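Below: one structure, written as structure tokens.
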Amino acid sequence: MTQPKKSVQTALIHSDYTAPPGFAAFPTAIHHASTVLFKDVASLRSRNWQDKNAYTYGLHGTPTTFTLEARLAAIEGGNHCLLAPSGLAAIAMVDLALLRTGDDVLIPDNVYNPNREMGRWLEKDFGITARFYDPLIGAGIAELIQPNTRLIWTEAPGSVSMEVPDVPAICAVARGRREQGQDILVAIDNTWAAGLAFPAFDHGVDIVMQALTKYQSGGSDVLMGAVITRDKALIHRIEMAHMRLGMGVSADDAYLVMRGLPTMKMRFEAHDAGARKVAAWLKQRPEIATVLHPAFEDCPGHDIWKRDFTGAGGLFSVIFDERYSEAQTDAFIDSLRLFKIGYSWGGANSLCVPYRMQAMRWHWPHQGQLVRFNIGLEAPDDLIADIEQALAGLAS
């Protein structure tokens, strides 16, 4: 039967052309979609949005996002992954999936500050108790667990103060409570190690959160987060929060993260080598009282880092001698030329940020000003020269 001729307007929407199959290239294709098409009504009615073998709606995934999720899960040693619009969104997704009114969550005192604010929000508006613990508590966490404790957050190490927690000891306590019938899980912010330097699941963690904004993209141009597990029932619980919160990510952003993955390990190792060189130089400077780098013996939790980690990346902090005021260390940062002032890490450009630790921590033992460095991919000797000229100005 002859098909009726389409009008120009309809032909602009319904083309008869289909590209030939067989195209192959290295990049993963970018699939843009809100609406996903079904071949018939039976397919529409039978399809489950939680089934990653099929597609239902752009918010629940496309071939682009499914591919990124699978690759991230493989890097981390997990089986299931969900993407979120940012690292903080991934944290919120875990909290809102697992916690109910009357529950209790334990959060380390050195946690990423927006996670601290999330805990306060849960307590204020949702009736969930959020308590903060010493990040070096290890097996002592057992003394803090209550019958209503449902979730323990860890961060390894703290991304500002750099303490390295004994994650296996914390997980062993939680596992023991589960064996006694208590529904309690351990989640880790594993962004500092990028899934490369700390195999969290092998050390007993139930949930891994990553800010893909950092090393995974490597370009300082993407906001994205991920939640990874090995447990199918657990990921289904988190998927429900993901769906109810409407957390989707751009296919273009997913592509940018995937584009960074092949070089991530080499970049991470270059950041690590540069950071150790700069940190070792700073350790010899009279202006610096303490270098907080987990690979250095005097960093809190160094023995744990040496036991459990295989690398360190580019992030570390220093504490200036207490004779220098905040105004002086701020002027030091302002006088840096190669280091730019800004949050985050994992990109090619080096960064420097001051923190007011007394306002961030319950018990902070140091009096000097804390400054965090992200060592990018510039030549370390050039970065050292930049710091040296800024320190010369500090003395005057």
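Residues in the structure tokens are numbered from 1 in each chain, the chains being A, B, ... in the order shown, and ligands are numbered from 1 in the order shown.
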- All residues 12 Å or closer to A:Leu245, only C-alpha atoms, same chain fewer than 4 positions away omitted, as a ChimeraX atom specification: /A:59-60,84-85,89-90,92-94,96-97,238-241
- Task: Can you list, as an MDAnalysis selection string, all residues belonging to stretch 199-323 of chain A that DSSP tags as alpha helix (DSSP H)?
- Result: chainID A and resid 232:244 251:283 302:308
- Could you give me, as a list in words, the residues within 10 Å of A:Asp382, counting only C-alpha atoms and dropping anything in the same chain fewer than 5 positions from it?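 Non-adjacent residues within range: Val278, Leu338, Ile387 and Glu388 of chain A.
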Could you build a table of the residues in stretch 175-236 of chain A lying no more than 7 Å from stretch 346-349 of chain A, giving for each the nearest pair of atoms and their separation in Å rounded to one decimal place, using only C-alpha atoms, ordered by chain and ascending residue number, as a Markdown table?
```
| residue | atom | partner | partner_atom | distance |
| --- | --- | --- | --- | --- |
| A:Lys214 | CA | A:Gly346 | CA | 4.4 |
| A:Tyr215 | CA | A:Gly346 | CA | 4.3 |
| A:Gly218 | CA | A:Gly347 | CA | 4.5 |
| A:Gly219 | CA | A:Gly347 | CA | 5.2 |
| A:Ser220 | CA | A:Gly347 | CA | 5.2 |
```
Since we have the selection now, will you write its residues out, keeping C-alpha atoms, as a PDB file, in the first residue's frame?
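Contents of out.pdb, freshly written:
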```pdb
ATOM      1  CA  LYS A 214      37.418  15.353  41.231  1.00  0.00           C
ATOM      2  CA  TYR A 215      39.864  12.893  39.667  1.00  0.00           C
ATOM      3  CA  GLY A 218      39.976  15.664  35.905  1.00  0.00           C
ATOM      4  CA  GLY A 219      38.935  18.827  34.079  1.00  0.00           C
ATOM      5  CA  SER A 220      37.483  21.005  36.863  1.00  0.00           C
TER       6      SER A 220
END
```
- Task: With a distance cut-off of 10 Å and only C-alpha atoms, select the neighbouring residues of A:Arg285, excluding the residue or stretch itself and same-chain residues fewer than 4 positions from it, and output the selection as a ChimeraX atom specification.
- Result: /A:280-281,289-290,320,388,391
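The coordinates place atom CA of A:Ile107 at 24.5 Å from atom CA of A:Arg244.
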- Please identify all polymer residues within 7 Å of stretch 49-58 of chain A, counting only C-alpha atoms, omitting same-chain residues fewer than 5 positions from it, and present them as a ChimeraX atom specification. /A:33-36
- Might you pull out every residue within 10 Å of A:Asp253, with only C-alpha atoms counted and same-chain residues fewer than 3 positions away left off, and present them as a list in words?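 The filter keeps Ile30, Thr64, Thr65, Pro85, Ser217, Asp221, Val222, Leu223, Met224, Val249, Ser250, Leu256, Val257, Met258 and Arg259 of chain A.
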- DSSP-assigned strand (DSSP E) members of stretch 59-92 of chain A, reported as a ChimeraX atom specification: /A:80-84
Could you write those residues out with N, CA and C atoms, as an mmCIF file, in the first residue's frame?
```
data_model
loop_
_atom_site.group_PDB
_atom_site.id
_atom_site.type_symbol
_atom_site.label_atom_id
_atom_site.label_comp_id
_atom_site.auth_asym_id
_atom_site.auth_seq_id
_atom_site.Cartn_x
_atom_site.Cartn_y
_atom_site.Cartn_z
ATOM 1 N N HIS A 80 27.023 -2.459 41.717
ATOM 2 C CA HIS A 80 25.901 -1.598 41.348
ATOM 3 C C HIS A 80 26.280 -0.149 41.612
ATOM 4 N N CYS A 81 25.826 0.747 40.726
ATOM 5 C CA CYS A 81 26.175 2.159 40.851
ATOM 6 C C CYS A 81 24.990 3.022 40.434
ATOM 7 N N LEU A 82 24.812 4.145 41.137
ATOM 8 C CA LEU A 82 23.834 5.157 40.772
ATOM 9 C C LEU A 82 24.539 6.502 40.684
ATOM 10 N N LEU A 83 24.194 7.279 39.660
ATOM 11 C CA LEU A 83 24.774 8.602 39.489
ATOM 12 C C LEU A 83 23.882 9.660 40.118
ATOM 13 N N ALA A 84 24.509 10.719 40.593
ATOM 14 C CA ALA A 84 23.783 11.841 41.195
ATOM 15 C C ALA A 84 24.393 13.139 40.662
#
```
Under the rule of at most 9 Å, produce a per-residue listing of stretch 206-310 of chain A near stretch 141-161 of chain A: chain, number, name, the closest pair of atoms, and the distance in Å, as JSON lines, using only C-alpha atoms.
```
{"residue": "A:Leu292", "atom": "CA", "partner": "A:Ser161", "partner_atom": "CA", "distance": 6.8}
{"residue": "A:His293", "atom": "CA", "partner": "A:Ser161", "partner_atom": "CA", "distance": 8.9}
{"residue": "A:Pro294", "atom": "CA", "partner": "A:Pro157", "partner_atom": "CA", "distance": 7.7}
{"residue": "A:Gly301", "atom": "CA", "partner": "A:Pro157", "partner_atom": "CA", "distance": 8.6}
{"residue": "A:Trp305", "atom": "CA", "partner": "A:Pro157", "partner_atom": "CA", "distance": 8.5}
```
